[in-house]
$ cat start_27.txt   # compact mmCIF, C-alpha atoms
# COMPACT_ATOMS: atom_id res chain seq x y z
CA MET A 1 -62.57 76.71 -5.30
CA PRO A 2 -58.82 76.95 -5.88
CA ALA A 3 -57.31 74.59 -8.41
CA PRO A 4 -55.66 71.54 -6.86
CA VAL A 5 -51.90 71.24 -6.93
CA VAL A 6 -52.14 67.47 -7.21
CA GLU A 7 -54.99 65.59 -8.80
CA THR A 8 -55.27 62.03 -9.99
CA ARG A 9 -58.21 60.62 -11.90
CA SER A 10 -58.61 56.86 -11.78
CA LEU A 11 -54.85 56.55 -11.87
CA ALA A 12 -53.53 53.06 -12.48
CA LYS A 13 -50.04 51.63 -12.89
CA THR A 14 -49.05 48.16 -13.90
CA TYR A 15 -45.69 46.53 -14.48
CA GLY A 16 -46.47 43.66 -16.76
CA PRO A 17 -49.05 41.49 -14.98
CA ALA A 18 -48.48 43.20 -11.63
CA VAL A 19 -51.02 45.87 -10.74
CA VAL A 20 -49.32 48.36 -8.45
CA LEU A 21 -51.89 51.15 -8.40
CA ARG A 22 -55.56 50.99 -9.29
CA GLU A 23 -58.28 53.63 -9.42
CA VAL A 24 -56.28 56.14 -7.37
CA GLN A 25 -58.24 59.30 -6.76
CA LEU A 26 -56.31 62.04 -5.01
CA ARG A 27 -56.80 65.76 -4.72
CA LEU A 28 -54.49 68.06 -2.78
CA LEU A 29 -54.57 71.81 -2.59
CA ALA A 30 -51.80 74.31 -1.92
CA GLY A 31 -50.82 74.36 1.72
CA ALA A 32 -51.91 70.75 2.23
CA GLY A 33 -49.69 68.30 4.04
CA ALA A 34 -50.31 64.62 3.50
CA PHE A 35 -48.60 61.35 4.33
CA ILE A 36 -49.08 58.05 2.59
CA ILE A 37 -48.49 54.87 4.54
CA GLY A 38 -48.41 51.33 3.26
CA GLY A 39 -46.38 48.18 3.25
CA ASN A 40 -43.27 47.52 1.21
CA GLY A 41 -44.11 47.35 -2.48
CA ALA A 42 -47.52 48.92 -1.93
CA GLY A 43 -46.97 51.53 -4.65
CA LYS A 44 -46.16 54.61 -2.56
CA SER A 45 -42.92 55.43 -4.35
CA THR A 46 -44.49 54.66 -7.71
CA LEU A 47 -47.21 57.23 -7.05
CA LEU A 48 -44.63 59.89 -6.22
CA ARG A 49 -42.60 59.14 -9.34
CA ILE A 50 -45.72 59.44 -11.49
CA LEU A 51 -46.62 62.76 -9.90
CA ALA A 52 -43.06 63.98 -10.52
CA GLY A 53 -43.38 63.05 -14.18
CA LEU A 54 -40.62 60.44 -14.07
CA GLU A 55 -43.02 57.63 -14.92
CA ALA A 56 -46.19 57.56 -16.91
CA PRO A 57 -49.42 56.06 -15.58
CA SER A 58 -50.72 52.95 -17.30
CA ASP A 59 -54.26 54.29 -17.16
CA GLY A 60 -56.06 57.30 -15.85
CA GLN A 61 -54.48 60.67 -15.40
CA ALA A 62 -52.10 62.43 -13.06
CA LEU A 63 -52.15 66.23 -12.97
CA VAL A 64 -49.92 68.68 -11.15
CA PHE A 65 -50.71 72.38 -11.36
CA GLY A 66 -53.43 71.31 -13.78
CA GLN A 67 -50.87 69.84 -16.20
CA ASP A 68 -50.59 66.24 -17.31
CA THR A 69 -47.44 64.82 -15.71
CA ARG A 70 -46.52 63.08 -18.96
CA ARG A 71 -45.95 66.44 -20.61
CA LEU A 72 -44.67 68.74 -17.92
CA ALA A 73 -43.13 71.92 -19.27
CA ALA A 74 -39.96 73.25 -17.68
CA ARG A 75 -41.81 76.01 -15.83
CA TYR A 76 -43.89 73.38 -13.98
CA ARG A 77 -40.98 71.02 -13.36
CA ARG A 78 -39.26 73.95 -11.67
CA ARG A 79 -42.02 73.99 -9.06
CA ILE A 80 -41.64 70.34 -8.06
CA GLY A 81 -39.16 69.04 -5.52
CA LEU A 82 -38.70 65.29 -5.33
CA MET A 83 -36.78 63.37 -2.71
CA ALA A 84 -36.66 59.75 -3.80
CA HIS A 85 -34.97 56.61 -2.54
CA GLN A 86 -31.97 57.52 -4.69
CA SER A 87 -30.42 60.77 -3.56
CA PHE A 88 -29.70 62.27 -7.03
CA LEU A 89 -26.37 63.41 -5.58
CA TYR A 90 -22.91 63.08 -7.12
CA PRO A 91 -20.66 61.07 -4.80
CA ASN A 92 -17.44 62.69 -5.98
CA LEU A 93 -18.71 66.23 -5.44
CA THR A 94 -18.82 67.86 -2.04
CA ALA A 95 -22.10 68.65 -0.31
CA ARG A 96 -21.68 72.31 -1.21
CA GLU A 97 -20.86 71.54 -4.85
CA ASN A 98 -23.92 69.32 -5.17
CA LEU A 99 -26.26 72.00 -3.87
CA GLU A 100 -24.59 74.73 -5.93
CA PHE A 101 -25.00 72.56 -9.03
CA TYR A 102 -28.70 72.10 -8.42
CA ALA A 103 -29.12 75.76 -7.51
CA GLU A 104 -27.63 76.65 -10.89
CA LEU A 105 -29.88 74.12 -12.62
CA TYR A 106 -32.89 75.85 -11.07
CA SER A 107 -31.47 79.29 -11.94
CA LEU A 108 -31.50 80.42 -8.35
CA ALA A 109 -29.89 83.76 -7.55
CA ASP A 110 -26.51 83.35 -5.82
CA PRO A 111 -26.17 79.54 -5.83
CA ARG A 112 -23.27 79.67 -3.39
CA ALA A 113 -25.25 81.57 -0.76
CA CYS A 114 -28.24 79.33 -1.33
CA ALA A 115 -26.15 76.20 -0.84
CA HIS A 116 -24.57 77.64 2.29
CA GLN A 117 -27.97 78.51 3.73
CA TRP A 118 -29.44 75.08 3.10
CA LEU A 119 -26.41 73.25 4.42
CA GLY A 120 -26.95 75.16 7.65
CA ARG A 121 -30.64 74.33 7.70
CA VAL A 122 -30.05 70.60 7.47
CA GLY A 123 -27.17 70.61 9.92
CA LEU A 124 -24.41 69.84 7.41
CA ALA A 125 -22.54 73.15 7.46
CA GLU A 126 -19.50 71.57 9.11
CA VAL A 127 -19.15 68.95 6.38
CA ALA A 128 -19.97 71.25 3.49
CA ASP A 129 -16.65 70.56 1.76
CA THR A 130 -16.70 66.81 2.31
CA ARG A 131 -17.44 64.60 -0.66
CA VAL A 132 -20.79 62.89 -0.53
CA ARG A 133 -19.19 59.46 -0.92
CA ALA A 134 -17.82 59.91 2.61
CA PHE A 135 -21.26 60.66 4.06
CA SER A 136 -23.27 58.31 6.22
CA ARG A 137 -26.70 57.29 4.96
CA GLY A 138 -28.34 59.75 7.33
CA MET A 139 -26.14 62.63 6.21
CA GLU A 140 -26.87 61.84 2.58
CA GLN A 141 -30.58 61.77 3.43
CA ARG A 142 -30.37 65.26 4.95
CA LEU A 143 -28.52 66.56 1.90
CA SER A 144 -31.11 64.96 -0.36
CA VAL A 145 -33.87 66.78 1.52
CA ALA A 146 -31.97 70.04 1.09
CA ARG A 147 -31.58 69.35 -2.64
CA ALA A 148 -35.33 68.73 -2.99
CA MET A 149 -36.28 71.88 -1.09
CA LEU A 150 -33.57 74.15 -2.47
CA ALA A 151 -35.77 75.95 -4.95
CA GLU A 152 -38.67 76.22 -2.47
CA PRO A 153 -40.98 74.23 -4.72
CA ALA A 154 -44.74 74.59 -4.64
CA LEU A 155 -45.06 70.79 -4.62
CA LEU A 156 -42.84 68.67 -2.44
CA LEU A 157 -42.80 64.92 -2.98
CA LEU A 158 -40.80 63.17 -0.27
CA ASP A 159 -40.24 59.42 -0.31
CA GLU A 160 -39.64 58.27 3.26
CA PRO A 161 -37.97 61.51 4.34
CA PHE A 162 -37.34 60.23 7.87
CA ALA A 163 -35.58 57.04 6.85
CA SER A 164 -32.07 56.60 8.27
CA LEU A 165 -32.29 59.83 10.27
CA ASP A 166 -31.32 60.22 13.89
CA HIS A 167 -33.50 62.18 16.32
CA ASP A 168 -31.94 65.55 15.41
CA GLY A 169 -32.22 64.83 11.70
CA ALA A 170 -35.85 63.82 12.04
CA GLU A 171 -36.63 67.05 13.93
CA ILE A 172 -34.90 69.08 11.22
CA VAL A 173 -36.88 67.41 8.45
CA ALA A 174 -40.14 67.75 10.39
CA ALA A 175 -39.46 71.47 10.84
CA LEU A 176 -38.70 71.86 7.14
CA ILE A 177 -41.94 70.11 6.22
CA ARG A 178 -43.86 72.34 8.60
CA GLY A 179 -42.19 75.40 7.10
CA ALA A 180 -43.04 74.28 3.59
CA VAL A 181 -46.71 73.77 4.45
CA GLU A 182 -46.85 77.11 6.26
CA ARG A 183 -45.47 78.95 3.20
CA GLY A 184 -48.22 77.39 1.10
CA ALA A 185 -46.48 74.44 -0.52
CA CYS A 186 -48.29 71.17 -1.03
CA VAL A 187 -46.36 68.38 0.66
CA LEU A 188 -46.94 64.71 -0.05
CA ALA A 189 -44.69 62.25 1.71
CA THR A 190 -44.53 58.52 2.15
CA THR A 191 -43.65 56.94 5.43
CA HIS A 192 -43.86 53.77 7.44
CA GLY A 193 -44.85 55.60 10.59
CA ILE A 194 -46.87 58.77 11.15
CA PRO A 195 -44.51 61.55 12.28
CA GLU A 196 -45.30 64.12 14.88
CA ILE A 197 -45.22 67.54 13.25
CA ASP A 198 -46.60 70.17 15.59
CA GLY A 199 -48.71 72.98 14.21
CA VAL A 200 -49.57 71.23 10.95
CA GLU A 201 -52.72 69.31 10.20
CA LEU A 202 -51.71 66.30 8.16
CA ALA A 203 -53.95 64.12 6.08
CA VAL A 204 -53.09 60.44 6.16
CA PHE A 205 -53.66 58.09 3.28
CA GLU A 206 -52.97 54.43 3.00
CA ILE A 207 -52.23 52.37 -0.09
CA SER A 208 -53.44 48.84 0.22
CA ARG A 209 -53.71 46.37 -2.65
CA GLY A 210 -53.09 49.26 -5.04
CA ARG A 211 -55.95 51.38 -3.79
CA LEU A 212 -55.61 54.69 -2.00
CA MET A 213 -57.72 55.29 1.08
CA GLN A 214 -57.86 58.22 3.46
CA HIS A 215 -57.89 57.94 7.21
CA ALA A 216 -60.19 60.44 8.85
CA HIS A 217 -57.47 61.53 11.25
CA LYS A 218 -53.97 60.38 11.95
CA GLU A 219 -54.99 59.29 15.43
CA GLU A 220 -57.32 56.79 13.83
CA VAL A 221 -54.28 55.15 12.29
CA ARG A 222 -52.74 54.72 15.68
CA ARG A 223 -55.97 53.43 17.21
CA GLY A 224 -56.60 51.14 14.23
CA GLY A 225 -59.86 52.97 13.64
CA ARG A 226 -62.23 52.90 10.74
CA ILE A 227 -60.96 53.80 7.33
CA ARG A 228 -63.03 55.87 4.95
CA SER A 229 -62.64 55.00 1.34
CA LEU A 230 -62.15 57.68 -1.27
CA LEU A 231 -62.97 55.41 -4.16
CA GLY A 232 -65.27 56.99 -6.72
CA ARG A 233 -65.34 60.42 -5.03
CA MET B 234 -20.29 70.36 -18.51
CA ARG B 235 -18.37 72.21 -15.81
CA LYS B 236 -19.54 69.58 -13.33
CA ASP B 237 -18.38 66.76 -15.62
CA LEU B 238 -14.94 68.30 -16.08
CA ARG B 239 -14.62 68.85 -12.35
CA LEU B 240 -15.49 65.21 -11.68
CA GLU B 241 -12.97 64.04 -14.26
CA LEU B 242 -10.19 66.28 -12.98
CA ARG B 243 -10.83 64.93 -9.50
CA SER B 244 -10.62 61.26 -10.43
CA GLY B 245 -8.79 61.21 -13.75
CA GLU B 246 -10.27 57.78 -14.34
CA SER B 247 -11.57 58.41 -17.83
CA THR B 248 -8.50 60.26 -19.08
CA LEU B 249 -6.09 57.65 -17.87
CA ALA B 250 -8.24 54.86 -19.26
CA LEU B 251 -8.50 56.57 -22.62
CA LEU B 252 -4.78 57.13 -22.90
CA ALA B 253 -3.97 53.61 -21.75
CA LEU B 254 -6.40 52.15 -24.25
CA SER B 255 -4.95 54.23 -27.08
CA MET B 256 -1.46 53.09 -26.19
CA LEU B 257 -2.52 49.46 -25.99
CA VAL B 258 -4.17 49.52 -29.40
CA LEU B 259 -1.23 51.23 -31.07
CA VAL B 260 1.36 48.96 -29.49
CA VAL B 261 -0.53 45.84 -30.53
CA LEU B 262 -0.97 47.09 -34.08
CA VAL B 263 2.67 48.10 -34.38
CA PHE B 264 3.81 44.61 -33.50
CA ALA B 265 1.09 43.00 -35.60
CA LEU B 266 1.96 45.01 -38.69
CA GLY B 267 5.67 44.43 -38.39
CA ALA B 268 8.71 46.56 -39.24
CA ALA B 269 8.07 46.48 -42.99
CA ARG B 270 5.00 48.65 -42.63
CA MET B 271 6.17 50.82 -39.80
CA ARG B 272 6.51 53.91 -41.99
CA SER B 273 3.30 53.33 -43.91
CA VAL B 274 0.93 56.27 -43.52
CA ASP B 275 -2.00 54.00 -44.34
CA ALA B 276 -1.14 51.73 -41.44
CA ALA B 277 -0.56 54.68 -39.15
CA ALA B 278 -3.90 56.27 -40.07
CA GLY B 279 -5.72 52.98 -39.56
CA ALA B 280 -4.09 52.36 -36.21
CA LEU B 281 -4.87 55.90 -35.10
CA TRP B 282 -8.56 55.57 -35.92
CA VAL B 283 -8.87 52.18 -34.23
CA ALA B 284 -7.42 53.69 -31.07
CA MET B 285 -9.74 56.69 -31.36
CA VAL B 286 -12.89 54.63 -31.82
CA PHE B 287 -12.18 52.49 -28.77
CA ALA B 288 -11.29 55.56 -26.75
CA GLY B 289 -14.39 57.36 -27.98
CA MET B 290 -16.67 54.57 -26.83
CA LEU B 291 -15.09 54.58 -23.42
CA GLY B 292 -15.35 58.37 -23.18
CA ALA B 293 -19.01 58.52 -24.20
CA ASN B 294 -19.94 55.78 -21.77
CA ARG B 295 -18.20 57.48 -18.91
CA ALA B 296 -19.72 60.87 -19.76
CA LEU B 297 -23.08 59.47 -18.73
CA LEU B 298 -21.78 57.18 -16.01
CA ALA B 299 -21.71 59.93 -13.38
CA GLU B 300 -25.44 60.50 -13.91
CA ARG B 301 -26.21 56.84 -13.20
CA ASP B 302 -24.73 57.14 -9.70
CA ASN B 303 -27.48 57.68 -7.15
CA GLY B 304 -30.00 58.22 -9.94
CA ALA B 305 -28.68 61.70 -10.70
CA ILE B 306 -30.08 61.46 -14.22
CA ARG B 307 -33.56 61.60 -12.71
CA GLY B 308 -32.61 64.73 -10.81
CA LEU B 309 -31.57 66.29 -14.11
CA LEU B 310 -34.73 65.17 -15.91
CA LEU B 311 -36.90 66.54 -13.10
CA SER B 312 -35.17 69.93 -13.25
CA PRO B 313 -36.11 72.73 -15.66
CA LEU B 314 -33.10 71.73 -17.77
CA ASP B 315 -33.98 71.08 -21.39
CA PRO B 316 -32.98 67.48 -22.23
CA SER B 317 -31.44 68.75 -25.46
CA THR B 318 -29.19 70.99 -23.40
CA LEU B 319 -28.21 67.95 -21.36
CA TYR B 320 -27.30 66.17 -24.58
CA ALA B 321 -25.20 69.13 -25.70
CA ALA B 322 -23.35 69.15 -22.38
CA LYS B 323 -22.70 65.40 -22.51
CA LEU B 324 -21.59 65.69 -26.14
CA CYS B 325 -19.11 68.40 -25.23
CA ALA B 326 -17.79 66.35 -22.33
CA ALA B 327 -17.39 63.26 -24.54
CA LEU B 328 -15.73 65.43 -27.17
CA ILE B 329 -13.21 66.79 -24.69
CA PHE B 330 -12.40 63.29 -23.44
CA MET B 331 -11.97 62.10 -27.01
CA ALA B 332 -9.82 65.11 -27.90
CA VAL B 333 -7.46 64.31 -25.03
CA ALA B 334 -7.27 60.71 -26.22
CA GLU B 335 -6.65 61.90 -29.79
CA VAL B 336 -3.72 64.06 -28.76
CA GLY B 337 -2.19 61.15 -26.91
CA ALA B 338 -2.91 58.76 -29.78
CA VAL B 339 -1.34 61.10 -32.36
CA ILE B 340 1.83 61.44 -30.28
CA LEU B 341 2.05 57.68 -29.86
CA MET B 342 1.31 57.14 -33.55
CA VAL B 343 4.15 59.48 -34.54
CA LEU B 344 6.53 57.69 -32.18
CA PHE B 345 5.55 54.12 -32.98
CA PHE B 346 5.28 54.56 -36.72
CA ASN B 347 8.43 56.68 -37.03
CA LEU B 348 6.61 59.65 -38.51
CA ASP B 349 7.58 63.29 -38.20
CA PHE B 350 5.91 66.16 -36.36
CA ASP B 351 5.54 68.35 -39.42
CA ALA B 352 2.93 70.15 -41.50
CA SER B 353 1.04 66.91 -42.03
CA MET B 354 -0.03 67.05 -38.40
CA ALA B 355 -1.73 70.40 -39.05
CA ARG B 356 -3.61 68.85 -41.99
CA LEU B 357 -4.59 65.94 -39.78
CA ALA B 358 -6.10 68.10 -37.04
CA PRO B 359 -9.39 69.13 -38.73
CA ILE B 360 -9.99 65.55 -39.87
CA LEU B 361 -9.63 64.29 -36.32
CA VAL B 362 -11.91 67.06 -35.05
CA LEU B 363 -14.62 66.07 -37.53
CA GLY B 364 -14.24 62.43 -36.57
CA ALA B 365 -14.39 63.20 -32.89
CA ILE B 366 -17.56 65.27 -33.29
CA GLY B 367 -19.34 62.57 -35.27
CA PHE B 368 -18.34 59.71 -33.06
CA SER B 369 -19.03 61.59 -29.85
CA ALA B 370 -22.48 62.59 -31.11
CA LEU B 371 -23.31 59.03 -32.06
CA ALA B 372 -21.83 57.40 -28.98
CA THR B 373 -23.46 59.86 -26.57
CA LEU B 374 -26.89 59.18 -28.03
CA LEU B 375 -26.39 55.42 -28.05
CA SER B 376 -24.91 55.31 -24.56
CA ALA B 377 -28.10 56.91 -23.25
CA ILE B 378 -29.92 53.87 -24.61
CA THR B 379 -27.42 51.18 -23.70
CA GLY B 380 -26.81 52.60 -20.23
CA ARG B 381 -30.32 51.63 -19.25
CA THR B 382 -29.96 48.02 -20.33
CA ARG B 383 -28.25 45.08 -18.79
CA GLY B 384 -24.95 44.49 -20.56
CA GLY B 385 -25.09 47.98 -21.98
CA ASP B 386 -21.31 48.30 -21.98
CA MET B 387 -21.12 45.48 -24.48
CA LEU B 388 -24.05 46.75 -26.49
CA LEU B 389 -22.56 50.18 -27.19
CA PRO B 390 -19.71 49.04 -29.47
CA ILE B 391 -22.03 46.56 -31.21
CA LEU B 392 -24.36 49.42 -32.11
CA ALA B 393 -21.90 52.27 -32.57
CA VAL B 394 -19.17 50.75 -34.73
CA PRO B 395 -21.33 49.58 -37.65
CA ILE B 396 -23.14 52.90 -37.78
CA PHE B 397 -19.84 54.77 -37.67
CA VAL B 398 -18.28 52.78 -40.53
CA PRO B 399 -18.90 55.38 -43.28
CA ALA B 400 -17.27 58.15 -41.27
CA LEU B 401 -14.56 55.77 -40.10
CA ILE B 402 -13.58 54.83 -43.65
CA ALA B 403 -13.67 58.47 -44.67
CA GLY B 404 -11.58 59.43 -41.65
CA VAL B 405 -8.96 56.77 -42.30
CA LYS B 406 -8.67 57.66 -45.99
CA ALA B 407 -8.50 61.38 -45.31
CA SER B 408 -5.98 60.90 -42.50
CA ALA B 409 -3.74 58.75 -44.68
CA ALA B 410 -3.87 61.38 -47.43
CA ALA B 411 -3.07 64.14 -44.94
CA LEU B 412 -0.11 62.21 -43.50
CA ALA B 413 1.14 61.63 -47.06
CA GLY B 414 1.14 65.38 -47.65
CA ALA B 415 -1.86 65.57 -49.99
CA PRO B 416 -3.76 68.89 -50.19
CA PHE B 417 -7.26 69.24 -48.73
CA GLU B 418 -8.78 69.41 -52.22
CA SER B 419 -7.80 65.82 -52.87
CA MET B 420 -9.67 64.57 -49.82
CA GLY B 421 -12.79 66.68 -50.39
CA ASP B 422 -15.18 63.77 -50.85
CA TRP B 423 -14.03 62.10 -47.65
CA LEU B 424 -14.42 65.34 -45.71
CA LYS B 425 -17.92 65.83 -47.09
CA ILE B 426 -18.90 62.39 -45.81
CA MET B 427 -17.55 63.23 -42.39
CA ILE B 428 -19.30 66.60 -42.26
CA ALA B 429 -22.59 65.03 -43.35
CA PHE B 430 -22.21 62.36 -40.65
CA ASP B 431 -21.55 65.01 -38.03
CA VAL B 432 -24.56 67.09 -39.01
CA LEU B 433 -26.82 64.04 -39.10
CA PHE B 434 -25.91 62.65 -35.70
CA VAL B 435 -25.56 65.90 -33.82
CA THR B 436 -29.06 66.80 -35.03
CA ALA B 437 -30.42 63.34 -34.29
CA GLY B 438 -28.95 63.39 -30.82
CA TYR B 439 -30.31 66.85 -30.10
CA LEU B 440 -33.82 65.85 -31.16
CA LEU B 441 -33.95 62.29 -29.81
CA PHE B 442 -32.01 62.45 -26.54
CA GLU B 443 -34.98 63.33 -24.34
CA HIS B 444 -36.87 60.30 -25.67
CA VAL B 445 -34.12 57.82 -24.94
CA VAL B 446 -32.86 59.06 -21.60
CA GLY B 447 -36.20 59.04 -19.78
CA GLY B 448 -36.71 57.79 -16.24
CA GLU B 449 -38.51 54.50 -16.90

$ encode --input "start_27.txt" --output "structure tokens"
Amino acid sequence: MPAPVVETRSLAKTYGPAVVLREVQLRLLAGAGAFIIGGNGAGKSTLLRILAGLEAPSDGQALVFGQDTRRLAARYRRRIGLMAHQSFLYPNLTARENLEFYAELYSLADPRACAHQWLGRVGLAEVADTRVRAFSRGMEQRLSVARAMLAEPALLLLDEPFASLDHDGAEIVAALIRGAVERGACVLATTHGIPEIDGVELAVFEISRGRLMQHAHKEEVRRGGRIRSLLGR
Amino acid sequence: MRKDLRLELRSGESTLALLALSMLVLVVLVFALGAARMRSVDAAAGALWVAMVFAGMLGANRALLAERDNGAIRGLLLSPLDPSTLYAAKLCAALIFMAVAEVGAVILMVLFFNLDFDASMARLAPILVLGAIGFSALATLLSAITGRTRGGDMLLPILAVPIFVPALIAGVKASAAALAGAPFESMGDWLKIMIAFDVLFVTAGYLLFEHVVGGE
């Protein structure tokens, strides 16, 4: 059995008296695509931040590539791509400069070519030399996706990747997610609605009252079907 | 660091603010001290260091400000970049900002206090460099803490200035001696204090930065 890319063991997170996540058990392998749905404040973004190592769990354990997320070495951080609510972009740099900066941070060969390629992939080639502060929310979202995927990470954590996107932008992001899964990356994304991504079997989880549950199939979500609980497994 | 310099060259906000602040401090002190002390090297040295400390706080704060936009600091922490390397880059950026402010402050000091551009300026240079290193190291580390708190802009000077007092006194005394034409040997003790301060806080910043700049 191959080692999981993502694994949580009775993961819990509290902020003071507020319990955001409780007893979260999750196990994702390489090449798995999964979406997490849930209401506002359900804990979806918190889970992604914990898996990225930006926050520590209050209890339990979060592992990526078999490593505790509280002590992720640089060689494991290199394999994670996170797209969060904040874009991590510099408003006074151009789109190209932002991607080149991150390409250099990740020691990618030929940062300029890499930035150029990704700007084309997300449909921003024509505004490559425009400062990010002039971008619309949707354009910034596309650039943020490109930044997260730039280094072709083995684990992609995407927080509402389809938010603020028009139809073309949503198709681009869906294609990028499909491509990532097909090349063997593990993709975990949060969303308010289940996207249509042809050719990729997606697992669907739901966070409700801090607990993570898996839907048997995404169609069950749409039909309001029965939810199987993963608690204790 | 290249990214920080590019951002600053594009906006010029920090540089202009630093120079304006230096000028403000020197002008106020010149009028406060009065004509009788206008040629006093002690007054000039004191005024210069007051301007530098204020400018240094502004520079250190702004060196990390760009990373607060859009949560870019989290992007850096998530990357393979060693947090200590991030500290070194921010320290260098703060140092450059402070060096620019120092050059402007020295020119204004010479003009306002009727001093001369002579050999004493060359003796002053290494003292200012040591002071800039120490203050930038301290302020960069503290700004990583205060930047995450509400009212952090006010908290930075409250924390930084008292800690910097030993190096500040040493810097003022050494600067006054340099402007008076004294040889380096006579200011040895003051320079040792400044060097020790620099070593302490550069090391502390390098070791502690990753623990204070975290995402939570």

$ interface_residues --input "start_27.txt" --of "chain B" --to "chain A" --cutoff "9 Å" --atoms "only C-alpha atoms" --output "number ranges by chain"
B: 236, 239-240, 243-244, 299-315, 447-449

$ closest_residue --input "start_27.txt" --among "B:Ala437, B:Leu319, B:Ala293, B:Met387" --to "B:Ala372" --atoms "all atoms listed in the file"
B:Ala293

$ closest_residue --input "start_27.txt" --among "A:Thr69, A:Phe205, A:Gly38, A:Leu29" --to "A:Pro2" --atoms "all atoms listed in the file"
A:Leu29

$ atom_distance --input "start_27.txt" --atom1 "atom CA of A:Leu99" --atom2 "atom CA of A:Arg183"
21.6 Å

$ closest_residue --input "start_27.txt" --among "B:Pro390, B:Leu357, B:Leu254, B:Gly279" --to "B:Gly414" --atoms "only C-alpha atoms"
B:Leu357

$ residues_around --input "start_27.txt" --residues "A:Ala185" --least-positions-apart "5" --cutoff "7 Å" --atoms "all atoms listed in the file" --output "ChimeraX atom specification"
/A:30-31,153-155,180

$ closest_residue --input "start_27.txt" --among "B:Gly367, B:Gly337, B:Gly438, B:Pro416" --to "B:Ile396" --atoms "only C-alpha atoms"
B:Gly367

$ atom_distance --input "start_27.txt" --atom1 "atom CA of A:Pro17" --atom2 "atom CA of A:Arg71"
25.8 Å

$ residues_around --input "start_27.txt" --residues "stretch 161-177 of chain A" --least-positions-apart "5" --cutoff "8 Å" --atoms "all atoms listed in the file" --output "number ranges by chain"
A: 83, 121-123, 137-139, 141-142, 145, 187, 189-191, 195-197

$ atom_distance --input "start_27.txt" --atom1 "atom CA of A:Gln25" --atom2 "atom CA of A:Ala3"
15.4 Å

$ closest_residue --input "start_27.txt" --among "B:Leu371, B:Val398, B:Val445, B:Leu392" --to "B:Val283" --atoms "all atoms listed in the file"
B:Val398
